[in-house]
Every structure is written in C-alpha cells, then in structure tokens.
>>> print(open('final_16.txt').read())   # compact mmCIF, C-alpha atoms and all ligand atoms
# COMPACT_ATOMS: atom_id res chain seq x y z
CA MET A 1 0.00 0.00 0.00
CA ILE A 2 1.33 3.45 -0.88
CA LEU A 3 0.59 5.63 2.13
CA CYS A 4 -0.57 9.23 2.11
CA SER A 5 2.13 10.25 4.59
CA ASN A 6 4.92 8.19 6.10
CA PRO A 7 6.77 9.38 9.22
CA HIS A 8 8.52 6.01 9.51
CA ALA A 9 10.20 6.53 6.11
CA GLN A 10 11.35 9.92 7.37
CA TYR A 11 12.82 8.34 10.49
CA LEU A 12 14.72 5.82 8.36
CA ALA A 13 15.98 8.58 6.06
CA HIS A 14 17.55 10.43 9.01
CA ARG A 15 18.04 7.46 11.32
CA GLU A 16 21.65 7.96 12.29
CA ALA A 17 21.27 11.63 13.21
CA ILE A 18 18.03 10.95 15.09
CA ASP A 19 19.42 7.99 17.03
CA GLN A 20 22.46 10.08 18.00
CA ALA A 21 20.26 12.98 19.07
CA VAL A 22 18.13 10.73 21.28
CA ALA A 23 21.20 9.05 22.81
CA ARG A 24 22.73 12.46 23.55
CA VAL A 25 19.63 13.52 25.49
CA LEU A 26 19.32 10.24 27.39
CA ALA A 27 22.94 10.58 28.51
CA SER A 28 22.60 14.26 29.40
CA GLY A 29 20.38 13.82 32.44
CA ARG A 30 18.23 16.78 31.41
CA TYR A 31 14.84 15.85 29.94
CA ILE A 32 12.56 18.90 29.94
CA LEU A 33 13.27 22.51 28.83
CA GLY A 34 17.05 22.26 28.64
CA ASP A 35 19.74 23.12 26.08
CA GLU A 36 18.15 21.12 23.26
CA VAL A 37 14.91 23.08 23.57
CA SER A 38 16.63 26.46 23.79
CA SER A 39 18.93 25.60 20.86
CA PHE A 40 15.99 24.43 18.78
CA GLU A 41 14.12 27.64 19.62
CA SER A 42 17.03 29.80 18.43
CA GLU A 43 17.56 27.71 15.30
CA PHE A 44 13.90 27.77 14.34
CA ALA A 45 13.62 31.51 15.10
CA ARG A 46 16.60 32.14 12.82
CA TYR A 47 15.06 29.91 10.14
CA LEU A 48 11.84 31.96 10.24
CA GLY A 49 13.52 35.33 10.64
CA VAL A 50 11.82 36.24 13.94
CA PRO A 51 13.39 37.20 17.28
CA HIS A 52 11.32 34.83 19.45
CA ALA A 53 10.31 31.19 19.25
CA ILE A 54 8.67 29.45 22.20
CA ALA A 55 8.50 25.66 22.01
CA VAL A 56 5.36 24.08 23.48
CA ALA A 57 3.73 20.67 23.68
CA SER A 58 1.54 20.72 20.53
CA GLY A 59 0.16 22.83 17.71
CA THR A 60 -3.15 23.12 19.53
CA ASP A 61 -1.32 24.52 22.56
CA ALA A 62 0.67 26.92 20.38
CA LEU A 63 -2.58 28.44 19.12
CA GLN A 64 -4.16 28.47 22.57
CA ILE A 65 -1.11 30.08 24.18
CA ALA A 66 -0.77 32.71 21.45
CA LEU A 67 -4.43 33.68 21.80
CA ARG A 68 -4.21 33.79 25.59
CA ALA A 69 -0.98 35.81 25.50
CA ALA A 70 -2.83 38.40 23.44
CA GLY A 71 -5.58 38.54 26.03
CA VAL A 72 -8.26 36.62 24.14
CA GLY A 73 -10.74 34.90 26.43
CA PRO A 74 -14.41 34.47 27.36
CA GLY A 75 -16.71 36.93 25.58
CA ASP A 76 -14.33 37.38 22.65
CA GLU A 77 -14.79 36.09 19.11
CA VAL A 78 -12.10 34.72 16.80
CA ILE A 79 -12.70 34.22 13.06
CA ALA A 80 -11.43 30.97 11.55
CA PRO A 81 -12.16 28.62 8.67
CA SER A 82 -14.28 25.49 9.18
CA HIS A 83 -12.31 23.75 6.41
CA THR A 84 -9.31 22.97 8.63
CA ALA A 85 -8.07 20.50 11.22
CA VAL A 86 -10.41 20.49 14.24
CA ALA A 87 -7.40 21.59 16.32
CA THR A 88 -7.66 25.16 14.96
CA VAL A 89 -11.15 25.50 16.38
CA ALA A 90 -10.53 23.48 19.55
CA ALA A 91 -7.67 25.85 20.43
CA ILE A 92 -9.97 28.90 20.19
CA GLU A 93 -12.53 27.28 22.49
CA LEU A 94 -9.80 26.27 24.98
CA THR A 95 -9.25 29.98 25.65
CA GLY A 96 -12.93 30.46 26.47
CA ALA A 97 -13.47 32.57 23.34
CA SER A 98 -16.02 31.72 20.63
CA PRO A 99 -14.95 30.71 17.14
CA VAL A 100 -16.83 32.29 14.22
CA PHE A 101 -16.63 30.61 10.83
CA ALA A 102 -15.92 32.28 7.49
CA ASP A 103 -15.96 30.53 4.11
CA ILE A 104 -12.91 29.74 1.96
CA GLU A 105 -11.65 30.78 -1.46
CA PRO A 106 -12.37 27.83 -3.76
CA ARG A 107 -9.08 28.18 -5.66
CA TYR A 108 -6.79 28.04 -2.63
CA PHE A 109 -8.89 26.47 0.17
CA THR A 110 -7.93 29.30 2.57
CA LEU A 111 -10.03 32.03 4.23
CA ASP A 112 -11.96 34.27 1.84
CA PRO A 113 -11.15 37.82 3.00
CA ASN A 114 -14.58 39.11 1.90
CA ALA A 115 -16.30 36.45 3.97
CA VAL A 116 -14.06 37.31 6.92
CA GLU A 117 -15.02 40.97 6.67
CA ARG A 118 -18.73 40.08 6.79
CA ARG A 119 -18.22 38.12 10.04
CA ILE A 120 -16.51 40.90 12.00
CA GLY A 121 -18.58 42.15 14.92
CA GLU A 122 -18.25 44.09 18.17
CA ARG A 123 -16.58 41.22 19.97
CA THR A 124 -14.16 40.09 17.23
CA ARG A 125 -10.56 40.14 18.41
CA ALA A 126 -8.52 38.01 16.01
CA ILE A 127 -8.38 36.12 12.72
CA VAL A 128 -6.74 32.70 12.52
CA ALA A 129 -5.29 32.45 9.01
CA VAL A 130 -4.72 28.75 8.33
CA HIS A 131 -2.10 28.18 5.62
CA LEU A 132 -3.78 24.98 4.52
CA TYR A 133 -2.02 22.14 2.68
CA GLY A 134 1.29 24.08 2.65
CA GLN A 135 0.17 27.28 0.97
CA ALA A 136 -0.31 30.80 2.31
CA ALA A 137 -3.73 32.24 3.03
CA ASP A 138 -4.28 35.71 1.51
CA LEU A 139 -2.18 37.48 4.13
CA GLU A 140 -2.18 40.77 2.27
CA ALA A 141 -5.97 41.13 2.29
CA LEU A 142 -6.39 39.60 5.75
CA SER A 143 -3.73 41.88 7.27
CA ALA A 144 -5.35 44.93 5.68
CA ILE A 145 -8.72 43.99 7.17
CA ALA A 146 -7.15 43.26 10.55
CA GLU A 147 -5.37 46.58 10.61
CA LYS A 148 -8.47 48.53 9.61
CA ARG A 149 -10.62 46.83 12.25
CA GLY A 150 -8.07 46.68 15.08
CA LEU A 151 -7.76 42.86 15.06
CA PHE A 152 -4.69 40.71 15.06
CA VAL A 153 -3.76 37.87 12.74
CA ILE A 154 -2.56 34.53 14.04
CA GLU A 155 -0.99 32.33 11.40
CA ASP A 156 -1.79 28.63 11.78
CA CYS A 157 1.39 27.23 10.20
CA ALA A 158 0.83 23.60 11.22
CA GLN A 159 0.91 22.62 7.53
CA SER A 160 3.28 25.24 6.15
CA HIS A 161 6.76 24.90 7.70
CA GLY A 162 9.17 26.62 5.34
CA ALA A 163 6.57 28.11 2.98
CA ALA A 164 6.97 31.79 2.11
CA TRP A 165 5.03 34.91 1.19
CA GLN A 166 7.03 37.21 -1.07
CA GLY A 167 10.27 35.78 0.23
CA ARG A 168 9.36 35.93 3.92
CA ARG A 169 8.66 32.74 5.82
CA LEU A 170 5.11 32.06 6.92
CA GLY A 171 4.86 32.41 10.67
CA SER A 172 6.88 35.63 10.65
CA LEU A 173 4.17 37.87 9.18
CA GLY A 174 1.24 37.84 11.61
CA ARG A 175 1.31 38.80 15.29
CA PHE A 176 1.99 35.12 15.97
CA GLY A 177 2.97 32.10 13.89
CA CYS A 178 1.85 28.80 15.42
CA PHE A 179 3.43 25.50 14.42
CA SER A 180 2.73 21.82 15.09
CA PHE A 181 5.43 19.14 14.97
CA TYR A 182 3.03 16.20 14.87
CA PRO A 183 4.94 13.38 13.13
CA THR A 184 3.26 13.74 9.71
CA LYS A 185 3.85 17.50 9.38
CA ASN A 186 6.54 18.90 7.05
CA LEU A 187 8.75 19.23 10.13
CA GLY A 188 7.68 16.41 12.42
CA ALA A 189 8.87 15.15 15.80
CA LEU A 190 8.56 11.50 16.87
CA GLY A 191 5.83 12.48 19.29
CA ASP A 192 3.94 15.71 19.94
CA GLY A 193 5.35 19.21 19.77
CA GLY A 194 4.51 22.77 18.82
CA LEU A 195 5.93 26.29 18.75
CA VAL A 196 4.83 29.93 18.87
CA ALA A 197 6.83 32.50 16.89
CA THR A 198 6.48 36.24 17.42
CA SER A 199 8.38 39.47 16.94
CA ASP A 200 6.82 41.11 20.00
CA ASP A 201 9.06 40.96 23.12
CA ALA A 202 6.24 41.36 25.64
CA LEU A 203 4.00 38.77 23.98
CA ALA A 204 6.93 36.35 23.78
CA ALA A 205 7.49 36.70 27.53
CA ARG A 206 3.80 36.01 28.18
CA CYS A 207 3.91 32.90 25.97
CA ARG A 208 6.97 31.66 27.87
CA ALA A 209 5.21 32.16 31.19
CA LEU A 210 1.95 30.58 29.99
CA ARG A 211 3.66 27.36 28.87
CA GLU A 212 4.86 26.66 32.42
CA TYR A 213 2.26 27.49 35.10
CA GLY A 214 2.46 31.23 34.43
CA TRP A 215 5.86 31.35 36.14
CA ASN A 216 8.20 34.32 36.13
CA GLU A 217 11.99 33.93 36.59
CA GLN A 218 11.50 33.44 40.34
CA ARG A 219 8.99 30.66 39.74
CA GLU A 220 6.10 32.69 40.98
CA SER A 221 2.89 32.33 38.98
CA THR A 222 2.07 35.77 37.65
CA LEU A 223 -0.40 34.48 35.06
CA SER A 224 -2.84 31.60 35.16
CA GLY A 225 -0.86 29.24 32.95
CA LEU A 226 -0.72 25.64 31.82
CA ASN A 227 1.82 22.87 31.42
CA SER A 228 2.80 22.81 27.78
CA ARG A 229 6.53 22.06 27.65
CA LEU A 230 8.44 20.48 24.79
CA ASP A 231 10.71 17.70 25.97
CA GLU A 232 14.42 17.49 25.22
CA VAL A 233 14.18 14.29 23.16
CA GLN A 234 11.70 15.84 20.73
CA ALA A 235 13.72 19.07 20.53
CA ALA A 236 16.90 17.13 19.71
CA ILE A 237 15.06 15.17 16.99
CA LEU A 238 13.62 18.38 15.56
CA ARG A 239 17.10 19.96 15.43
CA ALA A 240 18.37 16.95 13.47
CA LYS A 241 15.49 17.27 11.01
CA LEU A 242 15.30 21.08 10.68
CA VAL A 243 18.55 21.14 8.69
CA HIS A 244 16.84 18.97 6.02
CA LEU A 245 13.53 20.86 5.91
CA ASP A 246 14.22 22.94 2.81
CA ARG A 247 15.56 19.95 0.90
CA ASP A 248 12.57 17.82 1.99
CA ASN A 249 10.15 20.56 0.91
CA GLY A 250 11.97 20.66 -2.43
CA LEU A 251 11.38 16.91 -2.83
CA ARG A 252 7.68 17.46 -2.11
CA GLY A 253 7.69 20.13 -4.83
CA ASP A 254 9.25 17.68 -7.30
CA ILE A 255 6.54 15.11 -6.60
CA ALA A 256 3.87 17.81 -7.02
CA ARG A 257 5.30 18.71 -10.43
CA SER A 258 5.22 15.06 -11.50
CA TYR A 259 1.55 14.83 -10.48
CA ASP A 260 0.78 18.11 -12.26
CA ALA A 261 2.41 17.02 -15.50
CA ALA A 262 0.76 13.60 -15.62
CA LEU A 263 -2.72 14.54 -14.46
CA SER A 264 -3.36 17.88 -16.12
CA GLY A 265 -6.08 17.87 -18.74
CA GLY A 266 -7.92 15.03 -17.00
CA PRO A 267 -11.10 15.13 -14.94
CA PHE A 268 -9.35 16.36 -11.77
CA ARG A 269 -8.83 19.92 -10.65
CA LEU A 270 -5.20 20.18 -9.65
CA PRO A 271 -3.83 22.44 -6.90
CA GLU A 272 -3.24 26.08 -7.83
CA ARG A 273 -0.33 28.14 -6.55
CA ARG A 274 -1.00 31.61 -5.21
CA SER A 275 1.32 34.02 -7.00
CA GLY A 276 4.16 35.48 -4.93
CA THR A 277 4.15 32.50 -2.54
CA THR A 278 5.95 29.19 -2.25
CA HIS A 279 3.79 26.14 -1.64
CA VAL A 280 5.41 23.38 0.46
CA PHE A 281 2.83 20.69 -0.35
CA HIS A 282 2.01 19.34 3.05
CA GLN A 283 -0.77 17.78 0.98
CA TYR A 284 -1.28 17.57 -2.78
CA VAL A 285 -5.03 18.11 -2.95
CA THR A 286 -7.11 17.60 -6.07
CA ARG A 287 -10.83 18.04 -6.56
CA ALA A 288 -12.49 15.02 -8.11
CA PRO A 289 -16.01 14.41 -9.34
CA GLU A 290 -17.34 11.20 -7.73
CA ARG A 291 -14.63 11.51 -5.10
CA ASP A 292 -15.75 8.63 -2.89
CA ALA A 293 -15.88 6.14 -5.77
CA LEU A 294 -12.43 7.28 -6.86
CA LEU A 295 -11.11 6.86 -3.33
CA GLY A 296 -12.36 3.25 -3.25
CA SER A 297 -10.88 2.51 -6.64
CA LEU A 298 -7.49 3.95 -5.62
CA HIS A 299 -7.49 1.86 -2.44
CA ALA A 300 -8.21 -1.23 -4.52
CA ARG A 301 -5.12 -0.37 -6.59
CA GLY A 302 -2.88 -0.03 -3.54
CA VAL A 303 -2.99 3.74 -3.15
CA ALA A 304 -4.12 5.02 0.25
CA ALA A 305 -5.24 8.46 -0.89
CA GLY A 306 -6.68 10.63 1.86
CA VAL A 307 -9.40 13.23 2.42
CA HIS A 308 -8.50 16.41 4.27
CA TYR A 309 -11.15 16.90 5.50
CA PRO A 310 -14.30 14.83 4.89
CA VAL A 311 -16.48 16.62 7.47
CA PRO A 312 -16.01 20.35 8.01
CA VAL A 313 -15.69 21.35 11.65
CA HIS A 314 -19.11 23.08 11.75
CA LEU A 315 -20.84 19.79 10.79
CA GLN A 316 -19.07 17.67 13.42
CA ARG A 317 -21.21 16.73 16.37
CA ALA A 318 -19.32 18.74 18.99
CA TYR A 319 -19.82 21.96 17.01
CA LEU A 320 -23.05 21.37 15.07
CA GLY A 321 -25.57 24.20 15.25
CA ARG A 322 -23.76 26.33 17.81
CA ILE A 323 -20.98 28.27 16.02
CA ARG A 324 -21.77 31.64 14.44
CA GLY A 325 -21.25 31.70 10.67
CA SER A 326 -22.04 27.98 10.21
CA ASP A 327 -25.01 28.72 7.93
CA ALA A 328 -23.01 30.39 5.14
CA LEU A 329 -20.20 28.01 4.18
CA PRO A 330 -21.08 26.70 0.69
CA GLU A 331 -17.46 26.51 -0.55
CA THR A 332 -16.40 24.75 2.65
CA GLU A 333 -19.12 22.13 2.21
CA ARG A 334 -18.31 21.68 -1.49
CA ALA A 335 -14.60 21.22 -0.71
CA ALA A 336 -15.45 18.53 1.85
CA ARG A 337 -17.30 16.59 -0.87
CA GLU A 338 -14.63 16.97 -3.56
CA VAL A 339 -11.13 17.04 -2.08
CA LEU A 340 -8.76 14.10 -2.45
CA SER A 341 -5.14 14.10 -1.22
CA LEU A 342 -2.56 12.06 -3.11
CA PRO A 343 0.36 10.39 -1.33
CA MET A 344 2.93 13.06 -0.50
CA TYR A 345 6.10 12.79 1.55
CA PRO A 346 9.75 13.49 0.73
CA GLU A 347 10.76 9.81 0.72
CA LEU A 348 8.05 8.82 -1.81
CA GLU A 349 10.11 7.40 -4.65
CA GLU A 350 9.69 7.76 -8.37
CA PRO A 351 8.18 4.28 -9.01
CA ALA A 352 5.59 4.91 -6.30
CA VAL A 353 4.76 8.30 -7.81
CA ARG A 354 4.27 6.59 -11.18
CA ALA A 355 2.06 3.95 -9.55
CA VAL A 356 -0.11 6.67 -7.99
CA ILE A 357 -0.44 8.39 -11.36
CA SER A 358 -1.39 5.14 -13.13
CA ALA A 359 -3.95 4.34 -10.45
CA MET A 360 -5.49 7.82 -10.84
CA LEU A 361 -5.66 7.51 -14.65
CA GLU A 362 -7.06 3.96 -14.59
CA SER A 363 -9.62 4.84 -11.94
CA SER A 364 -10.87 7.85 -13.82
CA ARG A 365 -11.15 5.85 -17.05
CA LYS A 366 -13.16 3.26 -15.16
CA GLU A 367 -15.44 6.00 -13.79
CA ALA A 368 -15.96 7.42 -17.25
CA SER A 369 -16.85 4.10 -18.90
C1 LIG B 1 -1.99 19.49 12.88
C2 LIG B 1 -2.74 20.78 12.90
C3 LIG B 1 -2.96 21.50 14.09
C4 LIG B 1 -2.72 20.97 15.47
O1 LIG B 1 -1.58 20.44 15.80
P1 LIG B 1 -1.41 19.36 17.00
O2 LIG B 1 0.05 19.35 17.15
O3 LIG B 1 -1.99 18.08 16.52
O4 LIG B 1 -2.11 19.90 18.19
C5 LIG B 1 -3.54 22.75 13.99
N1 LIG B 1 -3.92 23.27 12.82
C6 LIG B 1 -3.76 22.61 11.66
C7 LIG B 1 -4.19 23.26 10.39
C8 LIG B 1 -3.17 21.33 11.66
O5 LIG B 1 -3.02 20.68 10.50
>>> encode(input="final_16.txt", output="structure tokens", more="lines below")
Ligand SMILES: *Cc1c(COP(=O)(O)O)cnc(C)c1O
Amino acid sequence: MILCSNPHAQYLAHREAIDQAVARVLASGRYILGDEVSSFESEFARYLGVPHAIAVASGTDALQIALRAAGVGPGDEVIAPSHTAVATVAAIELTGASPVFADIEPRYFTLDPNAVERRIGERTRAIVAVHLYGQAADLEALSAIAEKRGLFVIEDCAQSHGAAWQGRRLGSLGRFGCFSFYPTKNLGALGDGGLVATSDDALAARCRALREYGWNEQRESTLSGLNSRLDEVQAAILRAKLVHLDRDNGLRGDIARSYDAALSGGPFRLPERRSGTTHVFHQYVTRAPERDALLGSLHARGVAAGVHYPVPVHLQRAYLGRIRGSDALPETERAAREVLSLPMYPELEEPAVRAVISAMLESSRKEAS
C-alpha cells in the first residue's frame, strides 16, 4: 500500500542523526526545557527570521497560548475557517473565546477575505489564518482587514513549515505564527510538539510564562498558565530534522510537479499556486467528481489516498448548530465533498509516484466508462 504520509520513512531517512540525538539527550540527564529546547528555539527563530520562538507541547497549545498571551478569552470572538483540522477550532474554544466561521476561497482552500469581513462584529478580536495544505492564506488582504478593524492575525502554520510569502517565511508575518510538529507534518517530531513565533518581546514573555504554570523567573505564577513544555528528546530530533527541511520541501515540490504534469487535462482539478508565494505541499489536494468512488478505486489499486477533510468542523457533532457563521459556508461544504489528497512525503520514490499516477488515470477511465 502506498501511504498518504509516512513518518517512519522519514525516520529511516535520518536514522543515524536521530538515534544520535536521542542518545545524547538520554545521557545528558536533562529531559525537559534544557539546552536542546533552547537551541531548537534559536535555530527555528533564525530559520523563520523572527526574534522569538517558544516551544510548546503541541500545535493546539501553540494556538491556545498565542491567543491567551494576546488577552483573548471568554466573551471574545475569533474568526477561523471550518475547512481545517479540528485543532484550529478546539484551540480557540480552549481559551474560552467563541470561534466564528468564514468561508474559503475555492481556488486556494484558505479564508476568503470578503467572507471574513462580513463576520466581523463588536466582539471580534482576532483572525486565525490557516495556511492549509502548505500554501499561504491571503495574508495581504487579511492583514489589511485586521489593521483597519483593530484585530490581530494569528498564522496557523501547522501545515506550512518553510513556505513563504514574497520571500518571507510564513509564521513571521502575523502577530503570531503557530506550528505543530506532529509526526506527519513537514517538520515532524517523533511524538507531539509545537511552537509559537512572534516578533513582539512582551507577547513572547507572556507565551513563555503561559507554557509553564504562568511562572516568572522566580517561579512565581504571575499568570494563570498551563503545562505545555516540549521535551528534550523531541527538541533534539527536531534539530536533526530542521537542517533537512528545505531539501525535503523541495522533494515534495518535485513530486507535485510530477503529479501536475501527468494529471493535467484530466477530470481532476489540480492544486493552484498563489502568486508570490511558495507552496510546500504538506498535501497535494485535487478536486475530483465522484470523489468517494475514486477513493475506493485507488485503495483497490494499492494507493491510500486521503481526504482532508471529509467533514467540516461546523458539521461535526461537537460543534453542530452552535458556532456563528455555520449557515453560510457553501465553498467549505463543497470542498469537503470533492477534495482528495494524493500520497505526499519526501521519501516517496519515483516508481511509487508513477504507480499513484497510473492508479489515478485507470480509476478515472473506469469511472468514465
Ligand atoms: C496538525 C494541525 C494543528 C494541530 O496540531 P497538534 O500538534 O496536533 O495539536 C492545527 N492546525 C492545523 C491546520 C493542523 O493541521
């Protein structure tokens, strides 16, 4: 079976460096918030081009901590897409604030700035711009709206490590950039992890306090915080993998070009690139008529294509009928019916790419006949 993502292949590709990193931590005697974490924070901050990076326990926590550092809480509203990982929305609710949904642009699957503008109300405090599938949301339009209305933009970069907007890395452009290092992400740990990036000194200090019980330097709780620390083993693994991130993203780009070349002109709508941005292809997402039949046919041919995401957040039971904006999401609901993700990871080799392409072409011929 050709998998959609494959963190084990990534481990094998970097095995020696990862094994050494883990052994180094085990021997060090320091297991939480030590030199590996602070080195990883500096290295990732330098990679993004921001002064501050605060490593935390997950992407969900990164979003929650960023929002809380900015003072978002009960009574506030935060605009987000419903076509995203549930984590985006869960993080908003963890702060006590209410998510409000806005629809997406059908070409890029990211927030539609016009829809966002229509959702802004008295209580709106922030916009979570999710850079879905590895490509930037329309930061120019969203930032203009945010500035005009006194809101701040949080970038959800859980799928866009290394992607750029006009030469600047995503995660360095909003008030905060929030990352996840879940194993399947473009930069993945071998466990959970996350990070908040910001250029604001005071907000960075609040994030640092919030991740560990609200402590100041004297270990007095000055804020009501949480426990969201990254451990040394994960930080050491992430350091070993960060040096390969650009090359790995380049390999994803090569696979995307192979898919583009072989599948263009067929019945599928292929991913579009927003001009002025680099797409890092966390997922290669097509739109397919008769998506579910195609999915079955691909599985039968040994290709475990995926669907990101089959049920938009506003239609999942925990959220159904109670989130403002849920009644006006036609593009979100259409995307959920049509999207299909092809296998995509840096270690996916040429013969496997060809097998995916053949399976797509055969399946679509079968559908047509
Ligand atoms: C993975 C993901 C998250 C959450 O990350 P966790 O580390 O699983 O908490 C948030 N937003 C998006 C868009 C994601 O893909």
>>> closest_residue(input="final_16.txt", among="A:Ser341, A:Ala305, A:Leu238, A:Glu333", to="His14 in chain A", atoms="all atoms listed in the file")
A:Leu238
>>> closest_residue(input="final_16.txt", among="A:Asp246, A:Ala129, A:Leu3, A:Ala53", to="Val356 in chain A", atoms="only C-alpha atoms")
A:Leu3
>>> atom_distance(input="final_16.txt", atom1="CA of Ser297 in chain A", atom2="CA of Tyr133 in chain A")
23.5 Å
>>> residues_around(input="final_16.txt", residues="range 10-12 of chain A", least_positions_apart="6", cutoff="10 Å", atoms="all atoms listed in the file", output="PyMOL selection string")
chain A and resi 18-19+183-184+188-190+237+241+248+345-348
>>> residues_near_ligand(input="final_16.txt", ligand="ligand LIG 1 (chain B)", cutoff="7 Å", atoms="only C-alpha atoms and all ligand atoms", output="list in words")
Ser58, Gly59, Thr60, Asp61, Thr84, Ala85, Ala87, Thr88, Val130, Leu132, Asp156, Cys157, Ala158, Gln159, Ser180, Phe181, Tyr182, Asp192, Gly193 and Gly194 of chain A
>>> decode(input="final_16.txt", residues="range 42-73 of chain A", atoms="N, CA and C atoms", output="PDB file, in the first residue's frame")
ATOM      1  N   SER A  42      16.226  28.800  19.167  1.00  0.00           N
ATOM      2  CA  SER A  42      17.035  29.799  18.431  1.00  0.00           C
ATOM      3  C   SER A  42      17.169  29.418  16.966  1.00  0.00           C
ATOM      4  N   GLU A  43      17.372  28.117  16.696  1.00  0.00           N
ATOM      5  CA  GLU A  43      17.560  27.706  15.302  1.00  0.00           C
ATOM      6  C   GLU A  43      16.288  27.916  14.479  1.00  0.00           C
ATOM      7  N   PHE A  44      15.150  27.610  15.082  1.00  0.00           N
ATOM      8  CA  PHE A  44      13.896  27.772  14.336  1.00  0.00           C
ATOM      9  C   PHE A  44      13.559  29.255  14.174  1.00  0.00           C
ATOM     10  N   ALA A  45      13.846  30.064  15.199  1.00  0.00           N
ATOM     11  CA  ALA A  45      13.615  31.514  15.101  1.00  0.00           C
ATOM     12  C   ALA A  45      14.465  32.091  13.962  1.00  0.00           C
ATOM     13  N   ARG A  46      15.725  31.665  13.893  1.00  0.00           N
ATOM     14  CA  ARG A  46      16.603  32.142  12.821  1.00  0.00           C
ATOM     15  C   ARG A  46      16.074  31.684  11.459  1.00  0.00           C
ATOM     16  N   TYR A  47      15.613  30.449  11.396  1.00  0.00           N
ATOM     17  CA  TYR A  47      15.059  29.914  10.140  1.00  0.00           C
ATOM     18  C   TYR A  47      13.876  30.760   9.658  1.00  0.00           C
ATOM     19  N   LEU A  48      13.026  31.173  10.614  1.00  0.00           N
ATOM     20  CA  LEU A  48      11.843  31.959  10.237  1.00  0.00           C
ATOM     21  C   LEU A  48      12.175  33.427  10.020  1.00  0.00           C
ATOM     22  N   GLY A  49      13.234  33.902  10.679  1.00  0.00           N
ATOM     23  CA  GLY A  49      13.519  35.332  10.636  1.00  0.00           C
ATOM     24  C   GLY A  49      12.708  36.105  11.658  1.00  0.00           C
ATOM     25  N   VAL A  50      12.506  35.541  12.844  1.00  0.00           N
ATOM     26  CA  VAL A  50      11.823  36.244  13.938  1.00  0.00           C
ATOM     27  C   VAL A  50      12.729  36.232  15.179  1.00  0.00           C
ATOM     28  N   PRO A  51      12.548  37.193  16.081  1.00  0.00           N
ATOM     29  CA  PRO A  51      13.391  37.199  17.280  1.00  0.00           C
ATOM     30  C   PRO A  51      13.010  36.149  18.327  1.00  0.00           C
ATOM     31  N   HIS A  52      11.745  35.723  18.356  1.00  0.00           N
ATOM     32  CA  HIS A  52      11.316  34.832  19.446  1.00  0.00           C
ATOM     33  C   HIS A  52      10.612  33.581  18.944  1.00  0.00           C
ATOM     34  N   ALA A  53      11.007  32.442  19.499  1.00  0.00           N
ATOM     35  CA  ALA A  53      10.305  31.189  19.248  1.00  0.00           C
ATOM     36  C   ALA A  53      10.164  30.480  20.588  1.00  0.00           C
ATOM     37  N   ILE A  54       8.946  30.091  20.917  1.00  0.00           N
ATOM     38  CA  ILE A  54       8.671  29.448  22.203  1.00  0.00           C
ATOM     39  C   ILE A  54       8.126  28.052  21.908  1.00  0.00           C
ATOM     40  N   ALA A  55       8.904  27.037  22.286  1.00  0.00           N
ATOM     41  CA  ALA A  55       8.499  25.656  22.014  1.00  0.00           C
ATOM     42  C   ALA A  55       7.480  25.204  23.050  1.00  0.00           C
ATOM     43  N   VAL A  56       6.430  24.549  22.588  1.00  0.00           N
ATOM     44  CA  VAL A  56       5.364  24.075  23.476  1.00  0.00           C
ATOM     45  C   VAL A  56       5.032  22.626  23.132  1.00  0.00           C
ATOM     46  N   ALA A  57       3.977  22.108  23.757  1.00  0.00           N
ATOM     47  CA  ALA A  57       3.727  20.666  23.681  1.00  0.00           C
ATOM     48  C   ALA A  57       2.977  20.205  22.432  1.00  0.00           C
ATOM     49  N   SER A  58       2.292  21.116  21.722  1.00  0.00           N
ATOM     50  CA  SER A  58       1.544  20.718  20.525  1.00  0.00           C
ATOM     51  C   SER A  58       1.153  21.954  19.732  1.00  0.00           C
ATOM     52  N   GLY A  59       0.658  21.725  18.532  1.00  0.00           N
ATOM     53  CA  GLY A  59       0.163  22.828  17.710  1.00  0.00           C
ATOM     54  C   GLY A  59      -1.080  23.446  18.310  1.00  0.00           C
ATOM     55  N   THR A  60      -1.933  22.609  18.882  1.00  0.00           N
ATOM     56  CA  THR A  60      -3.146  23.118  19.534  1.00  0.00           C
ATOM     57  C   THR A  60      -2.764  24.068  20.667  1.00  0.00           C
ATOM     58  N   ASP A  61      -1.782  23.657  21.466  1.00  0.00           N
ATOM     59  CA  ASP A  61      -1.325  24.521  22.560  1.00  0.00           C
ATOM     60  C   ASP A  61      -0.685  25.802  22.031  1.00  0.00           C
ATOM     61  N   ALA A  62       0.046  25.711  20.935  1.00  0.00           N
ATOM     62  CA  ALA A  62       0.673  26.917  20.375  1.00  0.00           C
ATOM     63  C   ALA A  62      -0.404  27.956  20.074  1.00  0.00           C
ATOM     64  N   LEU A  63      -1.491  27.512  19.444  1.00  0.00           N
ATOM     65  CA  LEU A  63      -2.584  28.437  19.123  1.00  0.00           C
ATOM     66  C   LEU A  63      -3.247  28.959  20.400  1.00  0.00           C
ATOM     67  N   GLN A  64      -3.509  28.058  21.322  1.00  0.00           N
ATOM     68  CA  GLN A  64      -4.158  28.469  22.570  1.00  0.00           C
ATOM     69  C   GLN A  64      -3.298  29.480  23.329  1.00  0.00           C
ATOM     70  N   ILE A  65      -2.009  29.204  23.424  1.00  0.00           N
ATOM     71  CA  ILE A  65      -1.106  30.079  24.185  1.00  0.00           C
ATOM     72  C   ILE A  65      -0.967  31.431  23.493  1.00  0.00           C
ATOM     73  N   ALA A  66      -0.860  31.444  22.174  1.00  0.00           N
ATOM     74  CA  ALA A  66      -0.767  32.714  21.448  1.00  0.00           C
ATOM     75  C   ALA A  66      -2.012  33.560  21.706  1.00  0.00           C
ATOM     76  N   LEU A  67      -3.174  32.937  21.583  1.00  0.00           N
ATOM     77  CA  LEU A  67      -4.426  33.679  21.800  1.00  0.00           C
ATOM     78  C   LEU A  67      -4.496  34.206  23.231  1.00  0.00           C
ATOM     79  N   ARG A  68      -4.136  33.364  24.194  1.00  0.00           N
ATOM     80  CA  ARG A  68      -4.211  33.792  25.595  1.00  0.00           C
ATOM     81  C   ARG A  68      -3.183  34.879  25.894  1.00  0.00           C
ATOM     82  N   ALA A  69      -2.004  34.779  25.288  1.00  0.00           N
ATOM     83  CA  ALA A  69      -0.982  35.808  25.503  1.00  0.00           C
ATOM     84  C   ALA A  69      -1.483  37.168  25.030  1.00  0.00           C
ATOM     85  N   ALA A  70      -2.297  37.139  23.973  1.00  0.00           N
ATOM     86  CA  ALA A  70      -2.827  38.400  23.442  1.00  0.00           C
ATOM     87  C   ALA A  70      -4.074  38.856  24.189  1.00  0.00           C
ATOM     88  N   GLY A  71      -4.459  38.108  25.207  1.00  0.00           N
ATOM     89  CA  GLY A  71      -5.582  38.537  26.034  1.00  0.00           C
ATOM     90  C   GLY A  71      -6.943  38.062  25.556  1.00  0.00           C
ATOM     91  N   VAL A  72      -6.971  37.120  24.615  1.00  0.00           N
ATOM     92  CA  VAL A  72      -8.262  36.616  24.136  1.00  0.00           C
ATOM     93  C   VAL A  72      -8.832  35.643  25.162  1.00  0.00           C
ATOM     94  N   GLY A  73     -10.113  35.775  25.441  1.00  0.00           N
ATOM     95  CA  GLY A  73     -10.741  34.898  26.434  1.00  0.00           C
ATOM     96  C   GLY A  73     -12.252  34.951  26.315  1.00  0.00           C
TER      97      GLY A  73
END
